[in-house]
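Asks: Just passing along the structure, written as structure tokens.
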Amino acid sequence: MPLDKTDKIWMDGELVDWDRAQIHVLTHTLHYGSGVFEGIRAYPTDRGPAVFRLTDHIRRLHRSARLFLIELPYSVEELVEATKETVRVNGVDSCYIRPIAFLGYGEMGLNPLSCVVNVAIAVWPWGTYLGDEGLKHGVRMKVSSWRRIDPNVNPVAAKGTGIYVNSSLAKVEALKAGYDEAILLNSQGFVAECTGENLFVVTDGVLVTPPLSSGALDGITRDSVITIARDLGVEVREENLLRSDLYLADEAFLTGTAAEVVPMRSVDDREIGEPGEVTRKIQEAYFAAVHGKEDRYKNWLEHVRA
Ligand code: PY5
């Protein structure tokens with residue numbers, strides 16, 4: 001998917017023209033994967049664009065930085081404000097938002113502690129990540145031959161740029177084999193998550209998702225879906241899953257900011273079929289929430305204009 005450019009990118013406090021938002025080839029993070037980032041979305045509401053759970057995302061960016069001993073030069077409040085400003089100046093009604101903190105130019109040794117920390121925030125219109133067809137009728141999943149990175153190899157609780165090599169390998173393997181998306185097992189063999197999404201299964205009416213100790217990211221969509229499901233009266237459990245639990249599930253879906261809530265129509269060619277009732281209800285409630293159509297979830301929206 002080619003990028004749909006907007007006007008300005010926020011870089012270290014300045015709004016820079018999209019085409020001028022460039023960095024040096026000796027940027028530390030380009031070589032060693034030493035950055036941290038976020039993926040956020042803004043949606044149109046009757047009060048203009050609202051960023052979904054913006055403060056929670058920026059707090060996670062700060063937590064990711066902490067895990068890598070990166071000292072962010074901006075507070076949570078400053079980055080929340082900078083994000084709103086970037087959405088505002090680009091005049092977009094709905095967009096994907098990518099804040100990134102990276103180690104900049106000036107140090108080529110592996111010790112990152114003396115590196116300058118740069119922060120940028122870009123926004124662009126981005127349709128649903130796994131396609132409209134996938135959103136409606138479900139995507140075809142493949143359990144990857146690549147294992148999710150062990151938490152003692154890399155702190156997978158962080159959205160660290162280098163960690164995504166693992167996700168990309170799994171994604172490419174799944175695409176080349178003719179599937180839409182991959183599921184990664186952890187080093188113990190339990191299900192962890194997808195390449196950029198958490199996952200859920202429904203079995204006998206109970207919604208189950210792997211615990212964070214599986215190595216899954218503490219997804220903000222995951223957390224929203226757990227709240228929505230409980231509000232709908234669905235029992236939710238965080239439990240380890242085997243790949244056979246995926247094959248035998250009545251329903252399954254994945255969650256993430258970019259992907260949103262997407263049904264799985266098969267896993268390793270075991271058919272799950274069209275989205276089931278629990279999946280459809282949760283998907284509907286999620287889209288109502290992000291568009292400000294559900295009063296009980298309005299506190300999740302952070303409007304860019306007062
Ligand atoms: N797991 C991984 C590995 C992720 O990268 C993501 C988000 C999630 C789970 C879901 O987290 P959340 O619900 O907080 O978004 N992935 C990014 C996203 O913006 C990058 C995708 C290209 O969705």
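Ligands are numbered from 1 in the order shown, chains are lettered A, B, ... in the order of the structure tokens, and residues start at 1 in each chain.
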I want to know what sits within 8 Å of region 256-261 of chain A, based on only C-alpha atoms, with residues of the same chain fewer than 5 positions away left out; could you give that as a list in words?
Replies: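 In the requested form, the answer reads Gly39, Ile40, Arg41, Tyr96, Thr128, Tyr129, Leu130, Leu135, Gly196, Glu197, Asn198, Gly219, Ile220, Thr221, Arg222, Gln283 and Tyr286 of chain A.
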Asks: Take the residues from that selection and write them out as a PDB file, in the first residue's frame, keeping N, CA, C and O atoms.
Replies:
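Dumped everything to out_23.pdb:
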ATOM      1  N   GLY A  39       1.461   2.993  17.473  1.00  0.00           N
ATOM      2  CA  GLY A  39       0.502   3.021  16.376  1.00  0.00           C
ATOM      3  C   GLY A  39      -0.837   3.418  16.983  1.00  0.00           C
ATOM      4  O   GLY A  39      -1.308   2.754  17.917  1.00  0.00           O
ATOM      5  N   ILE A  40      -1.402   4.509  16.493  1.00  0.00           N
ATOM      6  CA  ILE A  40      -2.606   5.094  17.101  1.00  0.00           C
ATOM      7  C   ILE A  40      -3.553   5.425  15.946  1.00  0.00           C
ATOM      8  O   ILE A  40      -3.107   5.605  14.810  1.00  0.00           O
ATOM      9  N   ARG A  41      -4.840   5.516  16.229  1.00  0.00           N
ATOM     10  CA  ARG A  41      -5.758   5.983  15.177  1.00  0.00           C
ATOM     11  C   ARG A  41      -6.642   7.110  15.688  1.00  0.00           C
ATOM     12  O   ARG A  41      -7.034   7.117  16.861  1.00  0.00           O
ATOM     13  N   TYR A  96      -4.126   7.314  10.683  1.00  0.00           N
ATOM     14  CA  TYR A  96      -3.235   6.504  11.504  1.00  0.00           C
ATOM     15  C   TYR A  96      -2.149   7.446  12.008  1.00  0.00           C
ATOM     16  O   TYR A  96      -1.760   8.379  11.289  1.00  0.00           O
ATOM     17  N   THR A 128      -8.282   0.112   6.570  1.00  0.00           N
ATOM     18  CA  THR A 128      -8.034  -0.994   7.479  1.00  0.00           C
ATOM     19  C   THR A 128      -6.909  -1.888   6.956  1.00  0.00           C
ATOM     20  O   THR A 128      -6.806  -2.186   5.775  1.00  0.00           O
ATOM     21  N   TYR A 129      -6.033  -2.265   7.876  1.00  0.00           N
ATOM     22  CA  TYR A 129      -4.749  -2.900   7.577  1.00  0.00           C
ATOM     23  C   TYR A 129      -4.882  -4.234   6.844  1.00  0.00           C
ATOM     24  O   TYR A 129      -4.095  -4.549   5.963  1.00  0.00           O
ATOM     25  N   LEU A 130      -5.888  -5.019   7.202  1.00  0.00           N
ATOM     26  CA  LEU A 130      -6.015  -6.341   6.569  1.00  0.00           C
ATOM     27  C   LEU A 130      -7.122  -6.368   5.509  1.00  0.00           C
ATOM     28  O   LEU A 130      -7.536  -7.440   5.068  1.00  0.00           O
ATOM     29  N   LEU A 135     -12.122  -7.687   7.003  1.00  0.00           N
ATOM     30  CA  LEU A 135     -12.894  -7.139   8.125  1.00  0.00           C
ATOM     31  C   LEU A 135     -14.311  -7.745   8.136  1.00  0.00           C
ATOM     32  O   LEU A 135     -14.864  -8.040   9.192  1.00  0.00           O
ATOM     33  N   GLY A 196       1.246  -8.164  14.253  1.00  0.00           N
ATOM     34  CA  GLY A 196       1.021  -6.809  14.777  1.00  0.00           C
ATOM     35  C   GLY A 196      -0.346  -6.723  15.418  1.00  0.00           C
ATOM     36  O   GLY A 196      -0.973  -5.671  15.419  1.00  0.00           O
ATOM     37  N   GLU A 197      -0.824  -7.846  15.965  1.00  0.00           N
ATOM     38  CA  GLU A 197      -2.169  -7.904  16.550  1.00  0.00           C
ATOM     39  C   GLU A 197      -2.204  -8.948  17.668  1.00  0.00           C
ATOM     40  O   GLU A 197      -1.480  -9.937  17.618  1.00  0.00           O
ATOM     41  N   ASN A 198      -3.053  -8.707  18.639  1.00  0.00           N
ATOM     42  CA  ASN A 198      -3.372  -9.732  19.648  1.00  0.00           C
ATOM     43  C   ASN A 198      -4.456 -10.644  19.083  1.00  0.00           C
ATOM     44  O   ASN A 198      -5.076 -10.319  18.080  1.00  0.00           O
ATOM     45  N   GLY A 219      -1.847  -4.985  24.329  1.00  0.00           N
ATOM     46  CA  GLY A 219      -2.541  -4.219  23.294  1.00  0.00           C
ATOM     47  C   GLY A 219      -3.656  -3.368  23.879  1.00  0.00           C
ATOM     48  O   GLY A 219      -4.414  -3.807  24.754  1.00  0.00           O
ATOM     49  N   ILE A 220      -3.756  -2.171  23.364  1.00  0.00           N
ATOM     50  CA  ILE A 220      -4.796  -1.250  23.834  1.00  0.00           C
ATOM     51  C   ILE A 220      -6.144  -1.663  23.229  1.00  0.00           C
ATOM     52  O   ILE A 220      -7.181  -1.559  23.887  1.00  0.00           O
ATOM     53  N   THR A 221      -6.132  -2.195  22.015  1.00  0.00           N
ATOM     54  CA  THR A 221      -7.368  -2.745  21.442  1.00  0.00           C
ATOM     55  C   THR A 221      -7.785  -3.996  22.222  1.00  0.00           C
ATOM     56  O   THR A 221      -8.967  -4.206  22.501  1.00  0.00           O
ATOM     57  N   ARG A 222      -6.803  -4.827  22.582  1.00  0.00           N
ATOM     58  CA  ARG A 222      -7.064  -6.018  23.397  1.00  0.00           C
ATOM     59  C   ARG A 222      -7.784  -5.616  24.682  1.00  0.00           C
ATOM     60  O   ARG A 222      -8.803  -6.186  25.055  1.00  0.00           O
ATOM     61  N   GLN A 283     -17.074  -6.549  17.394  1.00  0.00           N
ATOM     62  CA  GLN A 283     -16.595  -5.699  16.296  1.00  0.00           C
ATOM     63  C   GLN A 283     -17.482  -4.453  16.161  1.00  0.00           C
ATOM     64  O   GLN A 283     -16.994  -3.323  16.074  1.00  0.00           O
ATOM     65  N   TYR A 286     -16.945  -2.105  19.057  1.00  0.00           N
ATOM     66  CA  TYR A 286     -15.643  -1.427  18.949  1.00  0.00           C
ATOM     67  C   TYR A 286     -15.745  -0.257  17.981  1.00  0.00           C
ATOM     68  O   TYR A 286     -15.305   0.862  18.286  1.00  0.00           O
TER      69      TYR A 286
END
Asks: If you run DSSP on this backbone, which residues of region 103-201 of chain A come out as strand (DSSP E or B), and could you give them as a PyMOL selection string?
Replies: chain A and resi 103+105+117-124+139-143+160+181-185+191-194+198-201
Asks: Between A:Phe287, A:Trp126, A:Trp146, A:Trp18, which has the minimum distance to Pro2 (chain A) (counting only C-alpha atoms)?
Replies: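 Smallest distance to Pro2 (chain A) is found for A:Trp126.
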Asks: Env of Ile70 (chain A): 12 Å cut, atoms = only C-alpha atoms, seq-sep filter 6 positions within chain, self excluded. Answer as a list in words.
Replies: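 The residues that qualify are Thr29, Ser34, Gly35, Val36, Phe37, Leu61, His62, Arg63, Ser64, Ala101, Phe102, Leu103, Gly104, Asn111, Pro112, Leu113, Ser114, Cys115, Val116, Val117, Asn118, Val119, Ala158 and Gly160 of chain A.
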Asks: For Ile121 (chain A), work out the shell of residues within 6 Å, counting only C-alpha atoms and skipping chain neighbours fewer than 5 positions away, then give it as a PyMOL selection string.
Replies: chain A and resi 9-10+98-99
Asks: Kindly export the residues of the current selection with C-alpha atoms, as a tab-separated table (two decimals), in the first residue's frame.
Replies:
chain	number	residue	atom	x	y	z
A	9	ILE	CA	5.40	15.80	10.27
A	10	TRP	CA	6.23	16.80	13.84
A	98	ARG	CA	2.91	6.95	14.12
A	99	PRO	CA	5.01	8.46	16.92
Asks: Which is closer to ligand 1 than all the others in A:Leu169, A:Ala157, A:Ala50, A:Val191, using only C-alpha atoms and all ligand atoms?
Replies: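 Using only C-alpha atoms and all ligand atoms, the shortest distance to ligand 1 belongs to A:Ala157.
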Asks: Calculated over only C-alpha atoms, which of the candidates A:Gly106, A:Pro49, A:Pro73, A:Gly138 has the smallest distance to Ser94 (chain A)?
Replies: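 Among the listed residues, the smallest separation from Ser94 (chain A) belongs to A:Pro49.
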Asks: Closest to Arg243 (chain A) among A:Val143, A:Gly178, A:Ser224, A:Arg230, using only C-alpha atoms?
Replies: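 Distance minimum relative to Arg243 (chain A) lands on A:Val143.
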Asks: Nearest residue to Ser75 (chain A) out of A:Ala182, A:Arg88, A:Thr55, A:Asp17, using only C-alpha atoms?
Replies: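 With only C-alpha atoms as the atom set, the closest residue is A:Thr55.
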Asks: Considering only C-alpha atoms, return as a list in words whatever protein or nucleic-acid residues lie within 9 Å of Ile282 (chain A), sequence-local ones (same chain, fewer than 3 positions apart) excluded.
Replies: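 Contacts, in chain order: Val225, Ile228, Ala229, Leu232, Val261, Glu277, Val278, Thr279, Ala285, Tyr286 and Phe287 of chain A.
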Asks: Separation of CA of Asn299 (chain A) and CA of Phe52 (chain A), in Å?
Replies: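 Result for CA of Asn299 (chain A) versus CA of Phe52 (chain A): 9.3 Å, one decimal.
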Asks: Going by DSSP on the backbone, which bits of region 197-252 of chain A are helix (DSSP H, G or I)? Write them as an MDAnalysis selection string, please.
Replies: chainID A and resid 212:214 220:231 243:247
Asks: I'd like the contact shell of Ser266 (chain A) - 12 Å cut-off, only C-alpha atoms, skipping same-chain residues fewer than 5 positions apart - returned as a list of chain:residue names.
Replies: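 After dropping sequence-adjacent residues, the list is A:Gly134, A:His137, A:Gly138, A:Val139, A:Arg140, A:Met141, A:Lys142, A:Val143, A:Tyr179, A:Asp180, A:Glu181, A:Ala182, A:Ile183, A:Val201, A:Leu246, A:Tyr247, A:Leu248, A:Ala249, A:Asp250, A:Glu251, A:Ala252, A:Phe253, A:Glu271, A:Ile272, A:Gly273, A:Glu274, A:Pro275.
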Asks: Once you have the residues from the selection above, write them out as a compact mmCIF listing (two decimals), in the first residue's frame, restricted to C-alpha atoms.
Replies:
# COMPACT_ATOMS: atom_id res chain seq x y z
CA GLY A 134 -11.03 -9.41 5.73
CA HIS A 137 -15.57 -12.11 6.05
CA GLY A 138 -12.42 -12.92 7.99
CA VAL A 139 -8.76 -13.55 7.19
CA ARG A 140 -6.82 -16.77 6.59
CA MET A 141 -4.19 -17.39 9.26
CA LYS A 142 -1.06 -19.50 9.35
CA VAL A 143 0.84 -20.59 12.45
CA TYR A 179 -2.30 -16.69 3.81
CA ASP A 180 -3.22 -13.22 5.07
CA GLU A 181 -1.54 -13.13 8.47
CA ALA A 182 0.60 -15.20 10.84
CA ILE A 183 0.20 -16.42 14.41
CA VAL A 201 -10.86 -17.30 20.49
CA LEU A 246 -7.15 -22.34 17.56
CA TYR A 247 -8.18 -25.18 15.24
CA LEU A 248 -11.09 -26.15 17.51
CA ALA A 249 -12.36 -22.63 18.29
CA ASP A 250 -15.99 -21.76 17.48
CA GLU A 251 -14.89 -18.22 16.61
CA ALA A 252 -11.59 -16.37 16.51
CA PHE A 253 -10.50 -12.83 15.80
CA GLU A 271 -12.16 -23.63 8.58
CA ILE A 272 -13.81 -21.40 11.16
CA GLY A 273 -16.06 -19.80 8.54
CA GLU A 274 -18.01 -16.55 8.50
CA PRO A 275 -17.73 -14.37 11.64
Asks: In Å, with one decimal, what is the gap from CA of Ser214 (chain A) to CA of Leu72 (chain A)?
Replies: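 Computing it gives 27.8 Å between the two atoms.
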